[in-house]
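> My structure file entry.pdb, PDB, C-alpha atoms and all ligand atoms, is below:
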ATOM      1  CA  MET A   1      84.932  10.992   0.572
ATOM      2  CA  VAL A   2      84.155  13.588   3.213
ATOM      3  CA  ASP A   3      85.191  17.242   3.124
ATOM      4  CA  ARG A   4      87.808  17.979   5.780
ATOM      5  CA  TYR A   5      87.937  21.089   7.932
ATOM      6  CA  CYS A   6      89.473  21.903  11.315
ATOM      7  CA  VAL A   7      90.022  24.491  14.003
ATOM      8  CA  ILE A   8      93.612  25.229  15.042
ATOM      9  CA  GLY A   9      94.505  26.765  18.424
ATOM     10  CA  ASN A  10      96.557  26.244  21.577
ATOM     11  CA  PRO A  11      95.087  25.084  23.864
ATOM     12  CA  ILE A  12      92.224  23.556  21.889
ATOM     13  CA  SER A  13      90.579  20.962  24.146
ATOM     14  CA  HIS A  14      87.895  23.480  25.211
ATOM     15  CA  THR A  15      86.753  24.244  21.656
ATOM     16  CA  LYS A  16      83.089  23.919  20.709
ATOM     17  CA  SER A  17      83.745  24.435  16.981
ATOM     18  CA  PRO A  18      83.619  20.726  15.955
ATOM     19  CA  ARG A  19      80.284  20.338  17.751
ATOM     20  CA  ILE A  20      78.899  23.459  16.051
ATOM     21  CA  HIS A  21      80.055  22.546  12.536
ATOM     22  CA  MET A  22      78.901  18.937  12.849
ATOM     23  CA  ALA A  23      75.475  20.237  13.924
ATOM     24  CA  PHE A  24      75.386  22.549  10.878
ATOM     25  CA  ALA A  25      76.478  19.683   8.608
ATOM     26  CA  ALA A  26      73.736  17.429  10.007
ATOM     27  CA  GLN A  27      71.168  20.125   9.171
ATOM     28  CA  THR A  28      72.324  20.467   5.570
ATOM     29  CA  GLY A  29      73.287  16.855   4.820
ATOM     30  CA  TRP A  30      76.885  17.845   4.055
ATOM     31  CA  ARG A  31      79.404  15.037   4.688
ATOM     32  CA  ILE A  32      82.153  16.698   6.672
ATOM     33  CA  GLN A  33      84.964  15.822   9.036
ATOM     34  CA  TYR A  34      85.859  18.680  11.383
ATOM     35  CA  ASP A  35      88.819  18.189  13.730
ATOM     36  CA  ALA A  36      90.311  20.206  16.581
ATOM     37  CA  ILE A  37      94.086  20.503  16.108
ATOM     38  CA  GLU A  38      96.488  21.846  18.709
ATOM     39  CA  ALA A  39      99.462  23.491  17.003
ATOM     40  CA  PRO A  40     102.598  23.844  19.136
ATOM     41  CA  LEU A  41     103.322  27.501  19.877
ATOM     42  CA  GLY A  42     105.389  28.982  17.048
ATOM     43  CA  GLU A  43     104.342  26.208  14.639
ATOM     44  CA  PHE A  44     101.114  27.487  13.146
ATOM     45  CA  PHE A  45     102.468  27.591   9.567
ATOM     46  CA  ALA A  46     103.796  24.025   9.672
ATOM     47  CA  THR A  47     100.569  22.712  11.228
ATOM     48  CA  ALA A  48      98.378  24.507   8.698
ATOM     49  CA  GLU A  49     100.506  23.323   5.782
ATOM     50  CA  THR A  50     100.359  19.712   6.991
ATOM     51  CA  PHE A  51      96.569  19.952   7.149
ATOM     52  CA  ARG A  52      96.393  21.528   3.680
ATOM     53  CA  ALA A  53      98.713  18.886   2.193
ATOM     54  CA  SER A  54      96.505  16.135   3.637
ATOM     55  CA  GLY A  55      93.517  17.422   1.645
ATOM     56  CA  GLY A  56      92.019  19.905   4.113
ATOM     57  CA  LEU A  57      89.683  22.423   2.474
ATOM     58  CA  GLY A  58      89.519  25.097   5.136
ATOM     59  CA  MET A  59      89.974  25.921   8.789
ATOM     60  CA  ASN A  60      89.028  28.120  11.664
ATOM     61  CA  ILE A  61      91.758  29.755  13.682
ATOM     62  CA  THR A  62      91.510  30.590  17.353
ATOM     63  CA  ALA A  63      93.840  32.027  20.019
ATOM     64  CA  PRO A  64      96.750  32.565  19.859
ATOM     65  CA  PHE A  65      97.123  32.116  16.082
ATOM     66  CA  LYS A  66      94.844  34.753  14.486
ATOM     67  CA  LEU A  67      97.812  36.991  13.621
ATOM     68  CA  ASP A  68      99.849  34.030  12.312
ATOM     69  CA  ALA A  69      96.891  33.146  10.080
ATOM     70  CA  TYR A  70      96.887  36.732   8.803
ATOM     71  CA  ALA A  71     100.531  36.357   7.797
ATOM     72  CA  TYR A  72      99.912  32.872   6.334
ATOM     73  CA  ALA A  73      97.138  34.000   3.935
ATOM     74  CA  THR A  74      97.832  34.661   0.267
ATOM     75  CA  GLU A  75      94.643  36.715  -0.094
ATOM     76  CA  LEU A  76      93.051  38.733   2.708
ATOM     77  CA  LEU A  77      89.368  39.543   2.321
ATOM     78  CA  PRO A  78      88.272  43.048   3.428
ATOM     79  CA  ARG A  79      87.047  42.121   6.931
ATOM     80  CA  ALA A  80      90.292  40.322   7.716
ATOM     81  CA  LYS A  81      92.288  43.327   6.501
ATOM     82  CA  LEU A  82      90.272  45.713   8.681
ATOM     83  CA  ALA A  83      90.446  43.421  11.717
ATOM     84  CA  GLY A  84      94.165  42.800  11.247
ATOM     85  CA  ALA A  85      93.486  39.160  12.125
ATOM     86  CA  VAL A  86      92.063  36.020  10.521
ATOM     87  CA  ASN A  87      89.658  33.459  12.005
ATOM     88  CA  ALA A  88      88.660  31.492   8.884
ATOM     89  CA  ILE A  89      90.580  30.188   5.881
ATOM     90  CA  LYS A  90      89.541  28.523   2.634
ATOM     91  CA  PHE A  91      92.022  26.672   0.426
ATOM     92  CA  GLU A  92      90.998  27.266  -3.181
ATOM     93  CA  ASN A  93      92.858  26.982  -6.491
ATOM     94  CA  GLY A  94      96.205  26.951  -4.710
ATOM     95  CA  GLN A  95      95.342  30.137  -2.809
ATOM     96  CA  ILE A  96      94.909  30.641   0.932
ATOM     97  CA  LEU A  97      91.865  32.906   1.217
ATOM     98  CA  ALA A  98      91.372  34.472   4.640
ATOM     99  CA  ASP A  99      88.455  36.202   6.345
ATOM    100  CA  ASN A 100      87.393  37.249   9.826
ATOM    101  CA  PHE A 101      83.823  36.572  10.961
ATOM    102  CA  ASP A 102      84.172  37.391  14.680
ATOM    103  CA  GLY A 103      82.856  40.957  14.381
ATOM    104  CA  ILE A 104      79.941  40.140  12.107
ATOM    105  CA  GLY A 105      79.138  37.100  14.271
ATOM    106  CA  LEU A 106      78.938  39.319  17.353
ATOM    107  CA  LEU A 107      76.783  41.895  15.577
ATOM    108  CA  ASN A 108      74.457  39.225  14.154
ATOM    109  CA  ASP A 109      73.990  37.703  17.589
ATOM    110  CA  ILE A 110      73.146  41.052  19.174
ATOM    111  CA  GLN A 111      70.910  42.306  16.382
ATOM    112  CA  ASN A 112      69.196  39.126  15.173
ATOM    113  CA  ASN A 113      69.116  36.814  18.178
ATOM    114  CA  LEU A 114      68.951  39.323  21.034
ATOM    115  CA  ARG A 115      66.839  41.706  18.929
ATOM    116  CA  CYS A 116      68.833  44.804  19.810
ATOM    117  CA  ARG A 117      69.261  46.872  16.631
ATOM    118  CA  PHE A 118      72.274  49.189  16.874
ATOM    119  CA  CYS A 119      70.786  51.950  14.727
ATOM    120  CA  GLY A 120      70.611  55.113  16.873
ATOM    121  CA  LEU A 121      71.883  53.395  20.047
ATOM    122  CA  ARG A 122      74.788  54.349  22.320
ATOM    123  CA  VAL A 123      77.266  51.491  22.496
ATOM    124  CA  LEU A 124      80.191  51.082  24.919
ATOM    125  CA  LEU A 125      82.915  48.627  23.898
ATOM    126  CA  LEU A 126      85.257  47.534  26.701
ATOM    127  CA  GLY A 127      88.674  46.429  25.438
ATOM    128  CA  ALA A 128      90.964  47.232  22.537
ATOM    129  CA  GLY A 129      92.383  43.808  21.677
ATOM    130  CA  GLY A 130      91.733  41.583  18.683
ATOM    131  CA  ALA A 131      88.049  40.885  19.320
ATOM    132  CA  ALA A 132      87.254  44.554  19.945
ATOM    133  CA  ARG A 133      89.159  45.641  16.860
ATOM    134  CA  GLY A 134      87.306  43.195  14.610
ATOM    135  CA  ALA A 135      83.935  44.427  15.878
ATOM    136  CA  ILE A 136      84.409  48.148  15.252
ATOM    137  CA  VAL A 137      83.661  48.364  11.517
ATOM    138  CA  PRO A 138      80.669  45.947  11.597
ATOM    139  CA  PHE A 139      79.315  47.946  14.560
ATOM    140  CA  LEU A 140      79.736  51.298  12.784
ATOM    141  CA  GLU A 141      78.088  49.900   9.656
ATOM    142  CA  ALA A 142      74.997  49.277  11.828
ATOM    143  CA  HIS A 143      74.787  53.065  12.476
ATOM    144  CA  PRO A 144      74.906  53.457  16.275
ATOM    145  CA  ALA A 145      74.471  57.015  17.606
ATOM    146  CA  GLU A 146      77.956  56.631  19.091
ATOM    147  CA  LEU A 147      80.508  53.925  19.780
ATOM    148  CA  VAL A 148      82.775  54.559  22.761
ATOM    149  CA  ILE A 149      85.876  52.412  23.326
ATOM    150  CA  LEU A 150      87.149  52.073  26.889
ATOM    151  CA  ASN A 151      90.350  50.155  27.579
ATOM    152  CA  ARG A 152      92.639  49.589  30.573
ATOM    153  CA  THR A 153      95.507  50.920  28.432
ATOM    154  CA  ALA A 154      93.835  54.122  27.281
ATOM    155  CA  ALA A 155      96.277  54.832  24.438
ATOM    156  CA  LYS A 156      95.167  51.672  22.623
ATOM    157  CA  ALA A 157      91.533  52.797  22.703
ATOM    158  CA  SER A 158      92.546  56.216  21.346
ATOM    159  CA  ALA A 159      94.563  54.633  18.553
ATOM    160  CA  LEU A 160      91.654  52.395  17.526
ATOM    161  CA  ALA A 161      89.152  55.264  17.576
ATOM    162  CA  ALA A 162      91.481  57.400  15.452
ATOM    163  CA  GLU A 163      92.082  54.562  12.983
ATOM    164  CA  PHE A 164      88.373  53.884  12.410
ATOM    165  CA  SER A 165      86.866  57.367  12.778
ATOM    166  CA  ALA A 166      86.277  57.611   9.020
ATOM    167  CA  HIS A 167      83.805  54.710   9.323
ATOM    168  CA  GLY A 168      81.462  56.424  11.793
ATOM    169  CA  PRO A 169      81.026  58.065  15.220
ATOM    170  CA  VAL A 170      83.659  56.268  17.302
ATOM    171  CA  ILE A 171      85.568  57.867  20.184
ATOM    172  CA  ALA A 172      87.842  56.667  22.953
ATOM    173  CA  ALA A 173      86.494  57.093  26.480
ATOM    174  CA  ASN A 174      89.577  58.958  27.635
ATOM    175  CA  ASP A 175      89.376  61.472  24.811
ATOM    176  CA  ALA A 176      87.591  64.780  25.216
ATOM    177  CA  GLY A 177      83.832  64.802  25.476
ATOM    178  CA  PHE A 178      83.152  61.525  27.271
ATOM    179  CA  SER A 179      81.948  61.597  30.833
ATOM    180  CA  PRO A 180      79.872  58.570  31.811
ATOM    181  CA  GLN A 181      78.834  60.240  35.053
ATOM    182  CA  SER A 182      77.158  63.090  33.194
ATOM    183  CA  THR A 183      75.499  61.101  30.424
ATOM    184  CA  ALA A 184      72.695  58.578  30.364
ATOM    185  CA  ALA A 185      73.522  54.882  30.703
ATOM    186  CA  PHE A 186      74.549  53.148  27.476
ATOM    187  CA  ASP A 187      72.066  51.035  25.534
ATOM    188  CA  VAL A 188      74.648  48.301  24.979
ATOM    189  CA  VAL A 189      77.826  47.569  26.985
ATOM    190  CA  ILE A 190      80.085  44.846  25.585
ATOM    191  CA  ASN A 191      82.941  43.295  27.517
ATOM    192  CA  ALA A 192      85.560  42.407  24.896
ATOM    193  CA  THR A 193      88.406  42.289  27.426
ATOM    194  CA  CYS A 194      90.099  39.181  28.832
ATOM    195  CA  ALA A 195      89.432  40.334  32.413
ATOM    196  CA  SER A 196      86.805  37.651  33.067
ATOM    197  CA  LEU A 197      89.297  34.932  32.125
ATOM    198  CA  ARG A 198      91.152  35.961  35.299
ATOM    199  CA  GLY A 199      88.027  36.493  37.364
ATOM    200  CA  GLU A 200      88.529  40.279  37.244
ATOM    201  CA  LEU A 201      86.248  43.196  36.477
ATOM    202  CA  PRO A 202      87.454  45.513  33.672
ATOM    203  CA  PRO A 203      87.390  49.285  34.322
ATOM    204  CA  LEU A 204      83.665  50.112  34.428
ATOM    205  CA  PRO A 205      82.807  53.724  35.295
ATOM    206  CA  PRO A 206      79.698  54.296  37.382
ATOM    207  CA  GLY A 207      76.644  55.291  35.395
ATOM    208  CA  VAL A 208      77.326  53.341  32.195
ATOM    209  CA  LEU A 209      74.918  50.506  33.102
ATOM    210  CA  GLY A 210      71.166  51.081  33.400
ATOM    211  CA  THR A 211      68.176  48.792  33.694
ATOM    212  CA  HIS A 212      67.541  49.054  29.932
ATOM    213  CA  THR A 213      71.185  48.231  28.994
ATOM    214  CA  LEU A 214      72.110  45.022  27.190
ATOM    215  CA  ALA A 215      75.252  43.720  28.941
ATOM    216  CA  TYR A 216      77.172  41.349  26.671
ATOM    217  CA  GLU A 217      80.190  39.297  27.764
ATOM    218  CA  LEU A 218      82.261  37.871  24.884
ATOM    219  CA  LEU A 219      83.566  35.030  27.016
ATOM    220  CA  TYR A 220      81.040  32.201  26.938
ATOM    221  CA  GLY A 221      79.916  29.363  29.143
ATOM    222  CA  LYS A 222      81.213  30.845  32.392
ATOM    223  CA  GLY A 223      77.877  31.911  33.864
ATOM    224  CA  LEU A 224      77.867  35.080  35.943
ATOM    225  CA  THR A 225      81.324  36.551  35.273
ATOM    226  CA  PRO A 226      82.459  39.597  37.306
ATOM    227  CA  PHE A 227      81.252  41.860  34.468
ATOM    228  CA  LEU A 228      77.826  40.212  34.223
ATOM    229  CA  ALA A 229      77.560  40.158  38.023
ATOM    230  CA  ALA A 230      78.272  43.912  38.108
ATOM    231  CA  ALA A 231      75.608  44.442  35.450
ATOM    232  CA  LYS A 232      73.084  42.368  37.379
ATOM    233  CA  GLN A 233      73.913  44.328  40.521
ATOM    234  CA  ALA A 234      73.264  47.563  38.613
ATOM    235  CA  GLY A 235      69.792  46.314  37.718
ATOM    236  CA  VAL A 236      70.521  45.352  34.091
ATOM    237  CA  ARG A 237      67.758  43.057  32.904
ATOM    238  CA  GLN A 238      69.310  41.663  29.723
ATOM    239  CA  LEU A 239      72.544  39.699  30.180
ATOM    240  CA  ALA A 240      74.195  37.657  27.430
ATOM    241  CA  ASP A 241      77.433  35.810  26.807
ATOM    242  CA  GLY A 242      79.419  35.017  23.662
ATOM    243  CA  ALA A 243      77.915  31.592  22.887
ATOM    244  CA  GLY A 244      75.719  33.209  20.245
ATOM    245  CA  MET A 245      78.708  35.081  18.779
ATOM    246  CA  LEU A 246      80.657  31.837  18.523
ATOM    247  CA  VAL A 247      77.832  30.081  16.681
ATOM    248  CA  GLU A 248      77.116  33.068  14.413
ATOM    249  CA  GLN A 249      80.759  33.417  13.315
ATOM    250  CA  ALA A 250      80.797  29.667  12.632
ATOM    251  CA  ALA A 251      77.643  30.037  10.526
ATOM    252  CA  GLU A 252      79.354  32.722   8.426
ATOM    253  CA  ALA A 253      82.337  30.414   7.856
ATOM    254  CA  PHE A 254      80.020  27.519   6.989
ATOM    255  CA  LEU A 255      78.200  29.712   4.467
ATOM    256  CA  TRP A 256      81.528  30.755   2.929
ATOM    257  CA  TRP A 257      82.760  27.166   2.639
ATOM    258  CA  GLN A 258      79.527  25.436   1.679
ATOM    259  CA  GLY A 259      77.285  28.118   0.164
ATOM    260  CA  VAL A 260      74.429  27.318   2.575
ATOM    261  CA  ARG A 261      73.451  29.316   5.657
ATOM    262  CA  PRO A 262      72.723  26.959   8.549
ATOM    263  CA  GLU A 263      70.073  27.518  11.201
ATOM    264  CA  THR A 264      71.872  28.947  14.255
ATOM    265  CA  ARG A 265      69.171  29.079  16.933
ATOM    266  CA  PRO A 266      68.987  25.359  17.821
ATOM    267  CA  VAL A 267      72.796  25.209  17.967
ATOM    268  CA  ILE A 268      72.973  28.268  20.237
ATOM    269  CA  ALA A 269      70.260  26.776  22.459
ATOM    270  CA  ASP A 270      72.284  23.570  22.698
ATOM    271  CA  LEU A 271      75.464  25.449  23.756
ATOM    272  CA  THR A 272      73.978  28.033  26.076
ATOM    273  CA  VAL A 273      74.760  27.778  29.771
ATOM    274  CA  PRO A 274      72.299  29.702  31.979
ATOM    275  CA  ILE A 275      73.721  32.967  33.317
ATOM    276  CA  VAL A 276      73.071  32.660  37.052
TER     277      VAL A 276
HETATM  278  P1  LIG B 301      93.280  40.212  23.374
HETATM  279  O1  LIG B 301      94.371  39.563  24.169
HETATM  280  O2  LIG B 301      93.522  40.566  21.966
HETATM  281  O3  LIG B 301      92.835  41.570  24.121
HETATM  282  C1  LIG B 301      92.733  41.608  25.499
HETATM  283  C2  LIG B 301      92.011  42.885  25.958
HETATM  284  O4  LIG B 301      91.591  42.683  27.313
HETATM  285  C3  LIG B 301      92.866  44.126  25.950
HETATM  286  O5  LIG B 301      92.056  45.243  25.662
HETATM  287  C4  LIG B 301      93.383  44.179  27.392
HETATM  288  O6  LIG B 301      93.685  45.484  27.831
HETATM  289  C5  LIG B 301      92.161  43.703  28.127
HETATM  290  N1  LIG B 301      92.431  43.112  29.430
HETATM  291  C6  LIG B 301      93.116  41.961  29.679
HETATM  292  N2  LIG B 301      93.105  41.718  31.015
HETATM  293  C7  LIG B 301      92.405  42.726  31.601
HETATM  294  C8  LIG B 301      92.050  43.026  32.924
HETATM  295  N3  LIG B 301      92.408  42.245  33.950
HETATM  296  N4  LIG B 301      91.299  44.142  33.166
HETATM  297  C9  LIG B 301      90.941  44.935  32.146
HETATM  298  N5  LIG B 301      91.251  44.702  30.860
HETATM  299  C10 LIG B 301      91.972  43.604  30.581
HETATM  300  O7  LIG B 301      92.016  39.235  23.537
HETATM  301  P2  LIG B 301      90.831  39.009  22.488
HETATM  302  O8  LIG B 301      90.384  40.322  21.995
HETATM  303  O9  LIG B 301      91.220  37.956  21.522
HETATM  304  O10 LIG B 301      89.701  38.330  23.432
HETATM  305  C11 LIG B 301      88.934  39.111  24.342
HETATM  306  C12 LIG B 301      87.822  38.258  24.946
HETATM  307  O11 LIG B 301      86.894  37.885  23.921
HETATM  308  C13 LIG B 301      88.294  36.941  25.578
HETATM  309  O12 LIG B 301      87.537  36.741  26.770
HETATM  310  C14 LIG B 301      87.923  35.888  24.558
HETATM  311  O13 LIG B 301      87.650  34.631  25.143
HETATM  312  C15 LIG B 301      86.641  36.500  23.968
HETATM  313  N6  LIG B 301      86.343  36.044  22.604
HETATM  314  C16 LIG B 301      85.135  35.424  22.384
HETATM  315  C17 LIG B 301      84.808  34.992  21.116
HETATM  316  C18 LIG B 301      83.491  34.311  20.889
HETATM  317  O14 LIG B 301      83.283  33.760  19.796
HETATM  318  N7  LIG B 301      82.577  34.345  21.834
HETATM  319  C19 LIG B 301      85.719  35.179  19.965
HETATM  320  C20 LIG B 301      86.935  35.901  20.296
HETATM  321  C21 LIG B 301      87.226  36.290  21.574
HETATM  322  P3  LIG B 301      95.163  46.132  27.660
HETATM  323  O15 LIG B 301      95.201  46.687  26.258
HETATM  324  O16 LIG B 301      95.224  47.151  28.715
HETATM  325  O17 LIG B 301      96.151  45.004  27.855
END
Could you render the structure as structure tokens?

Amino acid sequence: MVDRYCVIGNPISHTKSPRIHMAFAAQTGWRIQYDAIEAPLGEFFATAETFRASGGLGMNITAPFKLDAYAYATELLPRAKLAGAVNAIKFENGQILADNFDGIGLLNDIQNNLRCRFCGLRVLLLGAGGAARGAIVPFLEAHPAELVILNRTAAKASALAAEFSAHGPVIAANDAGFSPQSTAAFDVVINATCASLRGELPPLPPGVLGTHTLAYELLYGKGLTPFLAAAKQAGVRQLADGAGMLVEQAAEAFLWWQGVRPETRPVIADLTVPIV
């Protein structure tokens, strides 16, 4: 008997999750089957239930089903509640336990792999969608000097900053007090928008990127995206993409399911595409 897990999304052919989890399983000697399942749009519940009924023990959830997974859960763990979305599920004692490891995966990649500790740093988060939302509380728990959210639709950034202001120093770029032109460049600038998927550059005020900045693109495997190209042009020396985030969130799910933390570095090295 092998333990059965899967990732559900639409489309799903691009997913690296089976490769990552099989690499983790090989490290730990865990006998696992991990499939990629494409659920038809509007049929997440039926697809998940079919997998559960066939003996599945847990699953990852990717776009566009993270909100459906939130509604499907019978018990939401704190990170999933705060993120308002679910990217990992465990079936246990008849319950559907749900968590979200995207934010902690991103933070772990930046702090542990890229060796950029947030404590005391100025961080600019571009975007106010699901990935940005899930990162805010983990980021604030790492005690940055400030976290500024900048989004194409400014009202969404303001709403997020207001919602999470009790957790730490978070403001929206369009709210009073933020002027990138008159402040020093940020220590970390993270592109959590979908702009690069369309080959576009998200709104990026002059002055936010400096040579010391870490420029991090959540999209992975696409080389020099417009955001990373703009950072390179501005003289930024440290560029990164979301391959490390993907592997780190998978490691958190693996730990949750199996009780063992896998080694992420060789798996990240295997997935990383040079940023040129
Ligand atoms: P959402 O659809 O939830 O959010 C999209 C965000 O991007 C919104 O803030 C939206 O702004 C903004 N946006 C979209 N198009 C543009 C554009 N042309 N210019 C400027 N802003 C734009 O997406 P997610 O949060 O789920 O995903 C964001 C990115 O993160 C994607 O590239 C995704 O691939 C990546 N990702 C990577 C992961 C990893 O493990 N590496 C995990 C999860 C996501 P507005 O509010 O104005 O519409």
> Run the PyMOL selection byres (((chain A and resi 40-42) around 9) and not hetatm) mentally over the shown coordinates, then write out the matched residues as a PyMOL selection string, using the chain letters and numbers from the document.
chain A and resi 9-11+38-39+43-45+47+64-65+68
> Restricting it to C-alpha atoms, dump the selection as an mmCIF file, keeping the file's coordinate frame.

data_model
loop_
_atom_site.group_PDB
_atom_site.id
_atom_site.type_symbol
_atom_site.label_atom_id
_atom_site.label_comp_id
_atom_site.auth_asym_id
_atom_site.auth_seq_id
_atom_site.Cartn_x
_atom_site.Cartn_y
_atom_site.Cartn_z
ATOM 1 C CA GLY A 9 94.505 26.765 18.424
ATOM 2 C CA ASN A 10 96.557 26.244 21.577
ATOM 3 C CA PRO A 11 95.087 25.084 23.864
ATOM 4 C CA GLU A 38 96.488 21.846 18.709
ATOM 5 C CA ALA A 39 99.462 23.491 17.003
ATOM 6 C CA GLU A 43 104.342 26.208 14.639
ATOM 7 C CA PHE A 44 101.114 27.487 13.146
ATOM 8 C CA PHE A 45 102.468 27.591 9.567
ATOM 9 C CA THR A 47 100.569 22.712 11.228
ATOM 10 C CA PRO A 64 96.750 32.565 19.859
ATOM 11 C CA PHE A 65 97.123 32.116 16.082
ATOM 12 C CA ASP A 68 99.849 34.030 12.312
#
> Name the residues captured by the PyMOL selection byres (((chain A and resi 217-234) around 10) and not hetatm) when it is applied to the shown file; answer as a CSV table (one decimal) with C-alpha atoms, in the coordinates of the input.

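For reference, expr-v2.csv as written:
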chain,number,residue,atom,x,y,z
A,106,LEU,CA,78.9,39.3,17.4
A,126,LEU,CA,85.3,47.5,26.7
A,131,ALA,CA,88.0,40.9,19.3
A,132,ALA,CA,87.3,44.6,19.9
A,189,VAL,CA,77.8,47.6,27.0
A,190,ILE,CA,80.1,44.8,25.6
A,191,ASN,CA,82.9,43.3,27.5
A,192,ALA,CA,85.6,42.4,24.9
A,193,THR,CA,88.4,42.3,27.4
A,194,CYS,CA,90.1,39.2,28.8
A,195,ALA,CA,89.4,40.3,32.4
A,196,SER,CA,86.8,37.7,33.1
A,197,LEU,CA,89.3,34.9,32.1
A,198,ARG,CA,91.2,36.0,35.3
A,199,GLY,CA,88.0,36.5,37.4
A,200,GLU,CA,88.5,40.3,37.2
A,201,LEU,CA,86.2,43.2,36.5
A,202,PRO,CA,87.5,45.5,33.7
A,203,PRO,CA,87.4,49.3,34.3
A,204,LEU,CA,83.7,50.1,34.4
A,206,PRO,CA,79.7,54.3,37.4
A,207,GLY,CA,76.6,55.3,35.4
A,208,VAL,CA,77.3,53.3,32.2
A,209,LEU,CA,74.9,50.5,33.1
A,210,GLY,CA,71.2,51.1,33.4
A,211,THR,CA,68.2,48.8,33.7
A,213,THR,CA,71.2,48.2,29.0
A,214,LEU,CA,72.1,45.0,27.2
A,215,ALA,CA,75.3,43.7,28.9
A,216,TYR,CA,77.2,41.3,26.7
A,235,GLY,CA,69.8,46.3,37.7
A,236,VAL,CA,70.5,45.4,34.1
A,237,ARG,CA,67.8,43.1,32.9
A,238,GLN,CA,69.3,41.7,29.7
A,239,LEU,CA,72.5,39.7,30.2
A,240,ALA,CA,74.2,37.7,27.4
A,241,ASP,CA,77.4,35.8,26.8
A,242,GLY,CA,79.4,35.0,23.7
A,243,ALA,CA,77.9,31.6,22.9
A,244,GLY,CA,75.7,33.2,20.2
A,245,MET,CA,78.7,35.1,18.8
A,246,LEU,CA,80.7,31.8,18.5
A,271,LEU,CA,75.5,25.4,23.8
A,272,THR,CA,74.0,28.0,26.1
A,273,VAL,CA,74.8,27.8,29.8
A,274,PRO,CA,72.3,29.7,32.0
A,275,ILE,CA,73.7,33.0,33.3
A,276,VAL,CA,73.1,32.7,37.1
> Do you know which residues the PyMOL selection byres (((chain A and resi 81-91) around 8) and not hetatm) returns on this file, as a count of residues only?
36
> I need the residue nearest ligand LIG 301 (chain B) from this list: A:Thr74, A:Gln33, A:Thr28, A:Thr15. Use all atoms listed in the file for the distance.
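Between A:Thr74, A:Gln33, A:Thr28, A:Thr15, the residue approaching ligand LIG 301 (chain B) most closely is A:Thr15.
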> Measure the distance from CA of His143 in chain A to CA of Leu124 in chain A in Å and round it to one decimal.
13.7 Å
> Box along x, y and z, 3 Å on every side, all listed atoms of ligand LIG 301 (chain B) inside: centre and edge lengths in Å to one decimal, as JSON.

{"center_x": 89.4, "center_y": 40.5, "center_z": 26.9, "size_x": 19.6, "size_y": 19.4, "size_z": 20.2}
> Any idea what's packed within 9 Å of Pro262 in chain A, counting all atoms listed in the file, ignoring anything in its chain fewer than 4 positions away? Could you give it as a list in words?
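The filter keeps Phe24, Ala25, Gln27, Thr28, Ala251, Glu252, Phe254 and Leu255 of chain A.
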> Of the candidates A:Ile268, A:Ala250, A:Ala185, A:Ala128, which shows the shortest atom-to-atom distance to Ser17 in chain A, using only C-alpha atoms?
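Of all the options, A:Ala250 lies closest to Ser17 in chain A.
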> Which value, in Å to one decimal, gives the distance between CA of His212 in chain A and CA of Ser165 in chain A?
27.1 Å
> Can you tell me how far CA of Asn113 in chain A sits from atom N7 of ligand LIG 301 (chain B), in Å to one decimal?
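Going from CA of Asn113 in chain A over to atom N7 of ligand LIG 301 (chain B), I get 14.2 Å.
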> Do you know which residues lie at most 12 Å from (74.0, 51.9, 18.6), with coordinates as in the file and only C-alpha atoms counted, and could you write them as a ChimeraX atom specification?
/A:107,110-111,116-125,136,138-148,168-170,186-190,213-214
> Given only C-alpha atoms and all ligand atoms as the basis, pick out the residue of A:Arg265, A:Arg31, A:His167, A:Lys156 nearest to ligand LIG 301 (chain B).
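Looking only at the distances to ligand LIG 301 (chain B), the closest residue turns out to be A:Lys156.
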> Pick the closest to ligand LIG 301 (chain B) from A:Gly105, A:Gly129, A:Pro266, A:Pro205: which is it, counting only C-alpha atoms and all ligand atoms?
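Smallest distance to ligand LIG 301 (chain B) is found for A:Gly129.
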> Measuring atom to atom with only C-alpha atoms and all ligand atoms, identify which of A:Asn174, A:Gln258, A:Asn151, A:Thr264 is nearest to ligand LIG 301 (chain B).
A:Asn151
> With distances taken over all atoms listed in the file, which of A:Ala71, A:Ala161, A:Val260, A:Ala63 is nearest to ligand LIG 301 (chain B)?
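Of the candidates, the smallest distance to ligand LIG 301 (chain B) is held by A:Ala63.
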> Can range 98-104 of chain A be brought up to N, CA and C atoms and written out as a compact mmCIF listing (two decimals), in the frame of the given file?

# COMPACT_ATOMS: atom_id res chain seq x y z
N ALA A 98 91.54 34.28 3.20
CA ALA A 98 91.37 34.47 4.64
C ALA A 98 90.33 35.55 4.95
N ASP A 99 89.50 35.25 5.94
CA ASP A 99 88.46 36.20 6.34
C ASP A 99 88.41 36.27 7.87
N ASN A 100 87.59 37.17 8.38
CA ASN A 100 87.39 37.25 9.83
C ASN A 100 85.91 37.49 10.10
N PHE A 101 85.26 36.51 10.73
CA PHE A 101 83.82 36.57 10.96
C PHE A 101 83.48 36.87 12.42
N ASP A 102 84.47 37.15 13.26
CA ASP A 102 84.17 37.39 14.68
C ASP A 102 83.27 38.62 14.87
N GLY A 103 83.62 39.71 14.20
CA GLY A 103 82.86 40.96 14.38
C GLY A 103 81.44 40.83 13.86
N ILE A 104 81.28 40.27 12.68
CA ILE A 104 79.94 40.14 12.11
C ILE A 104 79.14 39.10 12.90
